[in-house]
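Asker: Input structure: target.tsv, which contains TSV, C-alpha atoms.
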chain	number	residue	atom	x	y	z
A	1	MET	CA	-276.19	46.02	-47.75
A	2	GLU	CA	-274.06	48.40	-45.64
A	3	SER	CA	-276.16	47.74	-42.52
A	4	ASP	CA	-275.84	43.97	-43.04
A	5	PHE	CA	-272.06	44.39	-43.38
A	6	ARG	CA	-271.84	46.37	-40.14
A	7	GLN	CA	-273.85	43.78	-38.20
A	8	ASP	CA	-270.96	41.34	-38.57
A	9	LEU	CA	-268.39	43.81	-37.19
A	10	GLU	CA	-267.41	44.64	-33.62
A	11	ILE	CA	-265.15	47.40	-32.33
A	12	ARG	CA	-263.16	46.56	-29.20
A	13	PRO	CA	-259.76	47.00	-27.48
A	14	LEU	CA	-256.79	44.82	-28.46
A	15	GLY	CA	-254.85	42.83	-25.90
A	16	PRO	CA	-251.51	40.99	-25.89
A	17	GLU	CA	-253.17	38.00	-27.52
A	18	HIS	CA	-253.73	40.10	-30.65
A	19	VAL	CA	-250.08	41.06	-31.23
A	20	GLN	CA	-249.66	38.75	-34.22
A	21	GLN	CA	-252.81	40.02	-35.94
A	22	PHE	CA	-251.74	43.61	-35.11
A	23	ASN	CA	-248.37	43.16	-36.83
A	24	GLU	CA	-249.74	41.17	-39.76
A	25	LEU	CA	-252.14	43.99	-40.54
A	26	LEU	CA	-249.32	46.54	-40.35
A	27	ALA	CA	-247.03	44.39	-42.50
A	28	TYR	CA	-249.74	44.04	-45.14
A	29	VAL	CA	-250.82	47.67	-45.23
A	30	PHE	CA	-247.27	49.03	-45.30
A	31	GLN	CA	-245.82	46.13	-47.31
A	32	ILE	CA	-243.09	45.22	-44.82
A	33	THR	CA	-241.00	42.47	-46.43
A	34	ASP	CA	-238.63	39.87	-45.01
A	35	ALA	CA	-235.78	41.94	-46.45
A	36	ASP	CA	-236.98	44.99	-44.47
A	37	ILE	CA	-237.07	42.89	-41.31
A	38	GLU	CA	-233.57	41.51	-41.88
A	39	GLU	CA	-232.17	44.97	-42.65
A	40	SER	CA	-233.62	46.24	-39.36
A	41	GLY	CA	-231.52	43.72	-37.45
A	42	TYR	CA	-234.18	41.12	-36.62
A	43	ASP	CA	-233.52	37.45	-37.27
A	44	SER	CA	-237.10	36.68	-38.20
A	45	LYS	CA	-240.61	38.02	-38.53
A	46	LYS	CA	-241.45	36.22	-35.28
A	47	GLU	CA	-238.73	38.16	-33.47
A	48	MET	CA	-240.00	41.45	-34.88
A	49	ILE	CA	-243.58	40.64	-33.80
A	50	LYS	CA	-242.35	39.82	-30.30
A	51	SER	CA	-240.50	43.14	-30.17
A	52	LYS	CA	-243.76	45.03	-30.73
A	53	GLN	CA	-245.39	43.42	-27.69
A	54	PRO	CA	-244.53	46.38	-25.40
A	55	ILE	CA	-246.56	48.73	-27.63
A	56	LEU	CA	-249.67	46.71	-26.95
A	57	ASP	CA	-248.79	46.59	-23.25
A	58	LEU	CA	-248.22	50.36	-22.94
A	59	SER	CA	-250.64	51.73	-25.50
A	60	LYS	CA	-254.36	51.78	-25.90
A	61	VAL	CA	-255.16	49.90	-29.09
A	62	PHE	CA	-258.59	49.62	-30.69
A	63	GLY	CA	-259.73	47.65	-33.69
A	64	TRP	CA	-262.63	46.43	-35.75
A	65	PHE	CA	-263.09	42.67	-35.77
A	66	HIS	CA	-264.94	40.48	-38.25
A	67	GLN	CA	-265.57	37.11	-36.63
A	68	ASP	CA	-262.48	37.49	-34.40
A	69	GLN	CA	-260.35	38.55	-37.38
A	70	LEU	CA	-258.77	41.98	-36.90
A	71	ILE	CA	-259.53	44.10	-39.98
A	72	SER	CA	-258.84	47.72	-38.91
A	73	GLN	CA	-256.82	49.22	-36.04
A	74	ILE	CA	-255.39	52.29	-34.34
A	75	ALA	CA	-252.96	52.63	-31.40
A	76	ILE	CA	-252.49	55.50	-28.95
A	77	TYR	CA	-248.88	55.63	-27.84
A	78	PRO	CA	-248.46	57.43	-24.46
A	79	CYS	CA	-245.89	60.23	-24.59
A	80	GLU	CA	-244.93	63.56	-23.04
A	81	VAL	CA	-243.72	66.52	-25.07
A	82	ASN	CA	-242.39	70.02	-24.51
A	83	ILE	CA	-244.75	72.69	-25.88
A	84	HIS	CA	-242.94	76.04	-25.67
A	85	GLY	CA	-241.44	75.05	-22.32
A	86	THR	CA	-244.60	73.50	-20.87
A	87	ASN	CA	-244.89	69.75	-20.41
A	88	TYR	CA	-247.95	68.14	-22.06
A	89	LYS	CA	-249.14	64.54	-22.12
A	90	MET	CA	-249.38	63.55	-25.78
A	91	GLY	CA	-251.22	60.75	-27.54
A	92	GLY	CA	-249.07	59.42	-30.36
A	93	VAL	CA	-251.21	57.86	-33.07
A	94	THR	CA	-249.58	54.83	-34.67
A	95	GLY	CA	-250.36	51.36	-36.01
A	96	VAL	CA	-253.13	52.78	-38.23
A	97	GLY	CA	-254.38	50.44	-40.92
A	98	THR	CA	-257.35	48.74	-42.59
A	99	TYR	CA	-257.31	45.80	-44.95
A	100	PRO	CA	-258.19	47.07	-48.47
A	101	GLU	CA	-261.34	44.97	-48.81
A	102	TYR	CA	-262.80	46.73	-45.76
A	103	ALA	CA	-261.80	50.28	-46.78
A	104	GLY	CA	-264.40	52.89	-47.67
A	105	HIS	CA	-266.89	51.96	-44.95
A	106	GLY	CA	-265.97	54.66	-42.41
A	107	LEU	CA	-264.26	52.22	-40.05
A	108	MET	CA	-261.20	54.41	-39.50
A	109	GLN	CA	-263.33	57.51	-38.94
A	110	GLU	CA	-264.95	55.80	-35.97
A	111	LEU	CA	-261.62	54.50	-34.67
A	112	ILE	CA	-260.14	58.01	-34.80
A	113	ARG	CA	-263.15	59.43	-32.95
A	114	LEU	CA	-262.80	56.71	-30.31
A	115	ALA	CA	-259.05	57.35	-30.03
A	116	LEU	CA	-259.58	61.10	-29.53
A	117	SER	CA	-262.20	60.44	-26.85
A	118	ASN	CA	-259.76	58.18	-25.01
A	119	MET	CA	-256.96	60.71	-25.28
A	120	ARG	CA	-259.28	63.30	-23.79
A	121	GLU	CA	-260.14	60.99	-20.89
A	122	ASP	CA	-256.42	60.43	-20.29
A	123	GLU	CA	-255.73	64.21	-20.38
A	124	GLN	CA	-253.60	63.94	-23.50
A	125	TRP	CA	-254.49	67.38	-24.81
A	126	ILE	CA	-252.41	67.04	-27.97
A	127	SER	CA	-251.69	64.25	-30.45
A	128	TYR	CA	-248.81	63.65	-32.88
A	129	LEU	CA	-248.60	61.26	-35.81
A	130	TYR	CA	-246.41	60.45	-38.79
A	131	PRO	CA	-248.58	61.04	-41.88
A	132	TYR	CA	-248.51	58.48	-44.66
A	133	ASN	CA	-251.30	60.51	-46.25
A	134	ILE	CA	-251.25	64.21	-45.34
A	135	PRO	CA	-254.60	65.15	-47.01
A	136	TYR	CA	-256.38	62.34	-45.15
A	137	TYR	CA	-255.13	63.38	-41.72
A	138	ARG	CA	-255.79	67.05	-42.45
A	139	ARG	CA	-259.42	66.12	-42.99
A	140	LYS	CA	-259.34	64.51	-39.54
A	141	GLY	CA	-257.95	67.64	-37.85
A	142	TRP	CA	-254.17	67.11	-37.84
A	143	GLU	CA	-251.78	69.64	-39.39
A	144	ILE	CA	-248.07	69.74	-40.15
A	145	MET	CA	-246.03	70.77	-37.11
A	146	SER	CA	-242.41	70.06	-38.04
A	147	ASP	CA	-240.08	69.48	-40.97
A	148	LYS	CA	-237.17	67.19	-41.73
A	149	LEU	CA	-234.27	68.77	-43.58
A	150	SER	CA	-232.06	66.27	-45.43
A	151	PHE	CA	-228.64	67.44	-46.61
A	152	LYS	CA	-225.71	66.21	-48.67
A	153	ILE	CA	-222.25	67.77	-48.37
A	154	ARG	CA	-219.07	67.05	-50.34
A	155	ASP	CA	-215.93	66.39	-48.31
A	156	THR	CA	-214.45	69.63	-49.70
A	157	GLN	CA	-217.40	71.60	-48.33
A	158	LEU	CA	-217.07	70.46	-44.74
A	159	PRO	CA	-216.66	73.31	-42.23
A	160	LYS	CA	-213.16	74.27	-41.16
A	161	GLN	CA	-211.99	73.24	-37.72
A	162	VAL	CA	-213.01	75.68	-34.99
A	163	SER	CA	-211.01	75.88	-31.78
A	164	VAL	CA	-213.03	74.54	-28.82
A	165	PRO	CA	-211.94	73.86	-25.23
A	166	GLY	CA	-213.44	70.38	-25.09
A	167	MET	CA	-213.19	67.13	-27.01
A	168	VAL	CA	-215.31	64.39	-28.59
A	169	GLU	CA	-215.41	60.79	-27.42
A	170	ARG	CA	-216.93	57.86	-29.30
A	171	LYS	CA	-219.25	55.82	-27.11
A	172	ALA	CA	-222.20	53.43	-27.23
A	173	VAL	CA	-225.57	54.96	-28.02
A	174	THR	CA	-226.75	53.68	-24.63
A	175	ASP	CA	-224.10	55.62	-22.70
A	176	PRO	CA	-225.70	57.52	-19.76
A	177	ASP	CA	-224.24	60.80	-21.06
A	178	VAL	CA	-226.36	60.43	-24.22
A	179	TYR	CA	-229.49	60.45	-22.09
A	180	THR	CA	-228.21	63.32	-19.96
A	181	VAL	CA	-227.68	65.57	-22.97
A	182	TYR	CA	-230.93	64.62	-24.66
A	183	ASN	CA	-232.98	65.21	-21.51
A	184	GLN	CA	-231.52	68.70	-21.17
A	185	PHE	CA	-232.01	69.31	-24.88
A	186	ALA	CA	-235.67	68.18	-24.84
A	187	ALA	CA	-236.37	70.40	-21.83
A	188	VAL	CA	-235.49	73.54	-23.80
A	189	ASN	CA	-236.63	72.62	-27.31
A	190	HIS	CA	-240.26	73.13	-28.25
A	191	GLY	CA	-241.97	70.06	-29.70
A	192	ALA	CA	-239.41	67.55	-28.44
A	193	LEU	CA	-240.37	64.19	-26.96
A	194	THR	CA	-239.43	63.31	-23.39
A	195	ARG	CA	-237.91	59.87	-23.97
A	196	SER	CA	-238.38	57.05	-21.50
A	197	SER	CA	-236.35	53.85	-21.81
A	198	PHE	CA	-239.11	52.42	-23.99
A	199	HIS	CA	-239.09	55.47	-26.26
A	200	TRP	CA	-235.35	54.98	-26.71
A	201	GLU	CA	-235.99	51.36	-27.69
A	202	GLU	CA	-238.52	52.55	-30.28
A	203	TYR	CA	-236.04	55.15	-31.51
A	204	TRP	CA	-233.55	52.42	-32.44
A	205	ARG	CA	-236.03	49.67	-33.32
A	206	TYR	CA	-235.56	49.72	-37.09
A	207	GLU	CA	-231.86	50.64	-37.13
A	208	ASN	CA	-229.22	48.02	-37.78
A	209	GLU	CA	-227.05	47.59	-34.68
A	210	GLU	CA	-223.89	47.97	-36.76
A	211	GLU	CA	-225.02	51.50	-37.66
A	212	ARG	CA	-225.20	52.84	-34.12
A	213	THR	CA	-222.36	54.98	-32.76
A	214	ALA	CA	-222.54	58.03	-30.53
A	215	ALA	CA	-220.00	60.86	-30.62
A	216	ILE	CA	-220.32	62.91	-27.43
A	217	TYR	CA	-218.82	66.37	-27.04
A	218	TYR	CA	-217.45	67.18	-23.57
A	219	ASP	CA	-216.64	70.77	-22.64
A	220	GLY	CA	-213.47	71.91	-20.86
A	221	ASP	CA	-214.95	70.86	-17.51
A	222	GLY	CA	-215.74	67.36	-18.78
A	223	LYS	CA	-219.50	67.93	-18.96
A	224	PRO	CA	-221.39	66.38	-21.91
A	225	GLN	CA	-222.88	69.11	-24.10
A	226	GLY	CA	-223.69	67.52	-27.46
A	227	VAL	CA	-224.36	64.17	-29.15
A	228	LEU	CA	-224.02	62.91	-32.70
A	229	PHE	CA	-225.45	59.55	-33.85
A	230	TYR	CA	-223.63	58.38	-36.97
A	231	TRP	CA	-222.16	55.59	-39.05
A	232	VAL	CA	-219.68	55.42	-41.94
A	233	ALA	CA	-220.30	53.18	-44.95
A	234	GLU	CA	-218.99	53.14	-48.52
A	235	GLU	CA	-217.14	56.45	-48.10
A	236	VAL	CA	-220.25	58.24	-46.81
A	237	PHE	CA	-220.55	59.73	-43.31
A	238	HIS	CA	-224.19	59.30	-42.29
A	239	ILE	CA	-225.64	61.57	-39.59
A	240	LYS	CA	-228.78	60.15	-38.00
A	241	GLU	CA	-229.22	62.98	-35.52
A	242	MET	CA	-227.20	65.75	-33.89
A	243	PHE	CA	-228.40	67.56	-30.77
A	244	TYR	CA	-226.44	69.98	-28.62
A	245	LEU	CA	-226.89	72.47	-25.80
A	246	ASN	CA	-224.75	75.32	-27.15
A	247	GLN	CA	-222.75	76.45	-30.16
A	248	GLU	CA	-219.50	75.26	-28.63
A	249	ALA	CA	-220.83	71.71	-28.69
A	250	ARG	CA	-222.14	72.18	-32.23
A	251	ASN	CA	-218.68	73.30	-33.38
A	252	GLY	CA	-217.03	70.42	-31.54
A	253	LEU	CA	-219.28	67.85	-33.20
A	254	TRP	CA	-218.74	69.32	-36.67
A	255	ASN	CA	-214.99	69.29	-35.98
A	256	PHE	CA	-215.39	65.54	-35.42
A	257	VAL	CA	-217.29	65.14	-38.70
A	258	SER	CA	-214.68	67.17	-40.60
A	259	ALA	CA	-211.90	65.03	-39.12
A	260	HIS	CA	-213.19	62.24	-41.42
A	261	PHE	CA	-212.17	64.30	-44.47
A	262	SER	CA	-209.71	61.70	-45.75
A	263	MET	CA	-212.14	58.81	-45.21
A	264	VAL	CA	-215.31	59.97	-46.97
A	265	TYR	CA	-216.50	61.73	-50.11
A	266	TRP	CA	-219.91	62.72	-48.80
A	267	VAL	CA	-221.67	63.62	-45.57
A	268	LYS	CA	-225.40	62.92	-45.54
A	269	GLY	CA	-227.84	63.51	-42.74
A	270	ASP	CA	-231.08	64.91	-41.39
A	271	ILE	CA	-232.00	67.93	-39.29
A	272	TYR	CA	-235.41	67.82	-37.63
A	273	LYS	CA	-236.05	71.52	-37.72
A	274	ASN	CA	-236.50	74.04	-40.52
A	275	GLU	CA	-233.06	75.48	-39.83
A	276	PRO	CA	-231.07	75.50	-43.08
A	277	LEU	CA	-227.56	74.16	-42.60
A	278	ALA	CA	-226.26	75.94	-45.70
A	279	PHE	CA	-226.24	79.33	-43.98
A	280	LEU	CA	-223.86	78.02	-41.33
A	281	LEU	CA	-221.29	76.68	-43.83
A	282	ASP	CA	-218.52	78.64	-45.58
A	283	ASP	CA	-219.45	76.93	-48.84
A	284	SER	CA	-223.24	77.10	-48.88
A	285	GLN	CA	-223.73	75.47	-52.28
A	286	ILE	CA	-224.97	72.20	-50.87
A	287	LYS	CA	-228.06	70.15	-51.56
A	288	GLU	CA	-230.84	70.50	-48.99
A	289	THR	CA	-234.31	68.99	-49.14
A	290	ILE	CA	-237.08	70.05	-46.78
A	291	GLU	CA	-240.15	67.88	-46.36
A	292	PRO	CA	-242.97	67.78	-43.82
A	293	TYR	CA	-242.24	65.31	-41.05
A	294	TYR	CA	-244.78	65.08	-38.22
A	295	MET	CA	-248.33	66.34	-37.78
A	296	ALA	CA	-250.06	67.51	-34.60
A	297	ARG	CA	-253.65	67.93	-33.49
A	298	ILE	CA	-255.13	69.60	-30.43
A	299	VAL	CA	-257.36	67.00	-28.76
A	300	ASP	CA	-259.19	69.32	-26.34
A	301	VAL	CA	-259.02	73.03	-27.17
A	302	GLU	CA	-260.18	74.32	-23.80
A	303	GLN	CA	-257.66	72.28	-21.81
A	304	PHE	CA	-254.82	72.85	-24.25
A	305	LEU	CA	-255.33	76.63	-24.14
A	306	ALA	CA	-255.49	76.59	-20.33
A	307	LYS	CA	-251.92	75.22	-20.13
A	308	PHE	CA	-250.45	77.13	-23.09
A	309	PRO	CA	-247.69	79.62	-22.12
A	310	PHE	CA	-249.08	82.77	-23.74
A	311	THR	CA	-247.31	86.03	-22.96
A	312	ALA	CA	-249.35	88.82	-21.33
A	313	PHE	CA	-251.96	90.70	-23.34
A	314	SER	CA	-254.52	93.38	-22.47
A	315	GLN	CA	-257.56	92.77	-24.67
A	316	SER	CA	-259.75	89.67	-24.46
A	317	PHE	CA	-260.51	87.76	-27.65
A	318	HIS	CA	-261.88	84.35	-28.59
A	319	PHE	CA	-261.12	81.49	-30.95
A	320	GLN	CA	-264.13	80.30	-32.91
A	321	VAL	CA	-263.20	76.71	-33.73
A	322	THR	CA	-264.62	74.06	-36.04
A	323	ASP	CA	-263.58	70.41	-35.68
A	324	PRO	CA	-264.63	67.65	-38.13
A	325	VAL	CA	-264.21	64.76	-35.67
A	326	ALA	CA	-264.21	65.98	-32.04
A	327	PRO	CA	-267.57	67.73	-31.35
A	328	TRP	CA	-266.41	69.08	-27.96
A	329	ASN	CA	-264.12	71.47	-29.85
A	330	ASN	CA	-266.88	73.05	-31.94
A	331	ASP	CA	-267.28	76.15	-29.81
A	332	SER	CA	-265.97	79.61	-28.93
A	333	PHE	CA	-263.03	79.77	-26.48
A	334	SER	CA	-262.22	83.17	-25.00
A	335	LEU	CA	-258.87	84.21	-23.57
A	336	THR	CA	-258.57	86.84	-20.85
A	337	TRP	CA	-255.28	87.69	-19.17
A	338	SER	CA	-255.21	87.40	-15.39
A	339	VAL	CA	-252.65	89.73	-13.83
A	340	GLU	CA	-252.99	88.00	-10.46
A	341	GLU	CA	-252.41	84.49	-11.83
A	342	GLU	CA	-250.06	85.64	-14.60
A	343	ARG	CA	-251.73	83.44	-17.18
A	344	ALA	CA	-254.54	83.39	-19.70
A	345	LEU	CA	-257.94	82.31	-18.40
A	346	VAL	CA	-260.10	80.28	-20.77
A	347	SER	CA	-263.88	80.15	-20.96
A	348	ARG	CA	-266.44	78.92	-23.46
A	349	GLU	CA	-267.70	82.38	-24.32
A	350	ALA	CA	-267.41	84.81	-27.19
A	351	LYS	CA	-265.55	87.66	-25.47
A	352	GLY	CA	-263.90	90.32	-27.58
A	353	ALA	CA	-262.91	89.94	-31.22
A	354	ALA	CA	-263.26	86.58	-32.98
A	355	VAL	CA	-260.45	84.53	-34.49
A	356	VAL	CA	-262.22	82.14	-36.85
A	357	LEU	CA	-260.32	79.00	-37.82
A	358	ASP	CA	-260.53	75.21	-37.93
A	359	ILE	CA	-258.83	72.80	-35.53
A	360	GLN	CA	-255.94	72.01	-37.86
A	361	THR	CA	-255.13	75.70	-38.33
A	362	LEU	CA	-255.28	76.32	-34.58
A	363	SER	CA	-252.90	73.38	-34.05
A	364	CYS	CA	-250.54	74.78	-36.69
A	365	LEU	CA	-250.70	78.24	-35.13
A	366	LEU	CA	-250.01	77.21	-31.53
A	367	MET	CA	-247.29	74.75	-32.53
A	368	ASN	CA	-245.81	77.75	-34.40
A	369	TYR	CA	-245.35	75.90	-37.67
A	370	ARG	CA	-246.71	79.04	-39.35
A	371	ARG	CA	-247.31	82.48	-37.87
A	372	ALA	CA	-250.73	84.12	-37.53
A	373	SER	CA	-250.02	86.77	-40.18
A	374	TYR	CA	-249.17	84.10	-42.75
A	375	LEU	CA	-252.23	82.00	-41.93
A	376	SER	CA	-254.37	85.10	-42.28
A	377	ARG	CA	-252.78	85.97	-45.61
A	378	ILE	CA	-253.61	82.56	-47.07
A	379	GLU	CA	-257.15	82.78	-45.60
A	380	ARG	CA	-256.79	79.93	-43.13
A	381	LEU	CA	-257.55	82.34	-40.26
A	382	ALA	CA	-259.94	85.32	-40.11
A	383	THR	CA	-259.75	88.16	-37.60
A	384	ASP	CA	-259.27	91.93	-37.41
A	385	PRO	CA	-255.81	93.55	-37.79
A	386	LYS	CA	-255.52	94.45	-34.09
A	387	THR	CA	-256.22	90.90	-32.89
A	388	LEU	CA	-253.89	89.51	-35.54
A	389	LYS	CA	-251.11	91.66	-34.11
A	390	VAL	CA	-251.91	90.36	-30.62
A	391	LEU	CA	-251.61	86.76	-31.85
A	392	GLU	CA	-248.20	87.55	-33.33
A	393	GLN	CA	-247.05	88.89	-29.99
A	394	ILE	CA	-248.39	86.33	-27.51
A	395	ILE	CA	-247.47	83.03	-29.23
A	396	PRO	CA	-243.79	82.06	-28.77
A	397	ASP	CA	-241.84	82.28	-32.02
A	398	THR	CA	-239.97	78.98	-31.69
A	399	GLU	CA	-239.97	76.20	-34.29
A	400	ALA	CA	-240.79	72.66	-33.25
A	401	TYR	CA	-238.10	69.98	-33.08
A	402	PHE	CA	-239.19	66.36	-33.31
A	403	SER	CA	-236.82	63.58	-34.38
A	404	ASP	CA	-238.62	60.46	-33.20
A	405	TYR	CA	-240.72	58.01	-35.16
A	406	PHE	CA	-243.53	55.74	-34.00
Mind converting the file's structure to structure tokens?

Answerer:
Amino acid sequence: MESDFRQDLEIRPLGPEHVQQFNELLAYVFQITDADIEESGYDSKKEMIKSKQPILDLSKVFGWFHQDQLISQIAIYPCEVNIHGTNYKMGGVTGVGTYPEYAGHGLMQELIRLALSNMREDEQWISYLYPYNIPYYRRKGWEIMSDKLSFKIRDTQLPKQVSVPGMVERKAVTDPDVYTVYNQFAAVNHGALTRSSFHWEEYWRYENEEERTAAIYYDGDGKPQGVLFYWVAEEVFHIKEMFYLNQEARNGLWNFVSAHFSMVYWVKGDIYKNEPLAFLLDDSQIKETIEPYYMARIVDVEQFLAKFPFTAFSQSFHFQVTDPVAPWNNDSFSLTWSVEEERALVSREAKGAAVVLDIQTLSCLLMNYRRASYLSRIERLATDPKTLKVLEQIIPDTEAYFSDYF
């Protein structure tokens, strides 16, 4: 019965002519209603479908077809990200869905394997995705890499004004200074996406245009140093995102928020890093909620390790990796420090002590979502105490920041 079912199916790339089927499948799987479309600022479903055309133009999209009817799909969204100061090409997985009547036949497993193979061919050594089902994607090799912290502050708890030499100006979210600050911010923040003009379009795609204002902090020399995206509605100050290059800019932006004291009862917002806001406030009794946000997966271990900015170490060791989907990662990968080249050299050998772990744990470790000692303690990683100490020392201790959505 299963073999007969498969005979009627074909897996192939999607083109621009499939955009309507692509969006109809997404709308069905994620139950996108007309009300959702209207709230996002689109006049009609047709307009929203048209707006997704660039994804099919820029991305690699694969799907299963049953008699020319698209029944299952996956898209690889081309991106670049900062991994501990090193630029990596990244394959963003999006548009994942299968009609319920075709679920349970392993269709998505094969699409994911095909997607990973294509990412590897395109030298996208790492992949990000937004998980609608964390256990499912863990089984496919992804692991949590970043958090979203949501907060709620009463007007009486807002920070006191701090003297700063600059000032804040309200501008359009498309102002060139917004891009200037973000580009500098992304260049020094691990995990962050390098945003092209299309990525910026995606960033705002589902936001109502009336809820888009940028507050830009300029220092005493008139240079932009920080940006706040916000809107005010029903006596609530909503913070979509705040990014800044120094603490002066952070103080300047919070001064701007606090200046709305007489206008609002609450300030609500999100921080895309596990960096509790409460500690930075005089009155720390605020409500904060931390939840996993994005997941990451190393696509090709050997190539990812070859670019990774390890600090110097003296003793060779190797990762012994298991991967449930990408067979090229089921191997031993040794690291040896080259004094001449000032970097770690990678080979498919078992040199030195072993660090035994699966692909999702390795992704978690190198993205620094959790440290090696913690992963060892919960038995997600096995090695000797000396090598564990080396891992603690050579992997940068910087948390990932990722605020985009695709």

Asker: Record the distance separating CA of Asn255 (chain A) and CA of Tyr217 (chain A), expressed in Å with one decimal.

Answerer: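 Separating CA of Asn255 (chain A) from CA of Tyr217 (chain A) is a distance of 10.2 Å.
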
Asker: Go through A:Met242, A:Val236, A:Ile290, A:Ile112 and flag the residue nearest Arg154 (chain A), using all atoms listed in the file for the distances.

Answerer: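 Distance minimum relative to Arg154 (chain A) lands on A:Val236.
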
Asker: Using all atoms listed in the file and a cutoff of 8 Å, can you tell me which residues are near (-230.0, 66.7, -25.1) in the file's coordinates, and write them out as a count of residues only?

Answerer: 15

Asker: Leaving out Ser262 (chain A) and any residue of its chain fewer than 3 positions from it, which residues lie within 10 Å of it when counting all atoms listed in the file, given as a list in words?

Answerer: Asp155, Glu235, Ser258, Ala259 and Tyr265 of chain A

Asker: CA of Ile394 (chain A) to CA of Thr311 (chain A): how many Å, to one decimal?

Answerer: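 Value for the CA of Ile394 (chain A)-CA of Thr311 (chain A) distance: 4.7 Å.
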
Asker: Between A:Val168, A:Asn189, A:Ile359, A:Lys389, which residue has the minimum interatomic distance to Ser373 (chain A), considering only C-alpha atoms?

Answerer: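 Checking each candidate against Ser373 (chain A), we get A:Lys389 as the closest.
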
Asker: Using all atoms listed in the file, which protein or nucleic acid residues come within 12 Å of Val325 (chain A)? Drop anything in the same chain fewer than 6 positions from it, and give the result as number ranges by chain.

Answerer: A: 108-117, 137-142, 297-300, 358-360

Asker: Which of these, A:Tyr203, A:Tyr130, A:Tyr77, A:Phe151, has the shortest distance to Glu288 (chain A) once you count all atoms listed in the file?

Answerer: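 Smallest distance to Glu288 (chain A) is found for A:Phe151.
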
Asker: I'd like the interatomic distance between CA of Val61 (chain A) and CA of Gln303 (chain A), to a tenth of an Å.

Answerer: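 CA of Gln303 (chain A) lies at a distance of 23.7 Å from CA of Val61 (chain A).
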
Asker: Given only C-alpha atoms as the basis, pick out the residue of A:Thr86, A:Lys223, A:Glu80, A:Thr98 nearest to Val29 (chain A).

Answerer: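 The answer is A:Thr98, which sits nearest to Val29 (chain A).
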
Asker: Which is closest to Val188 (chain A) among A:Gln124, A:Asn133, A:Thr398, A:Asn23, if we use all atoms listed in the file?

Answerer: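 Residue with the minimum atom-to-atom distance to Val188 (chain A): A:Thr398.
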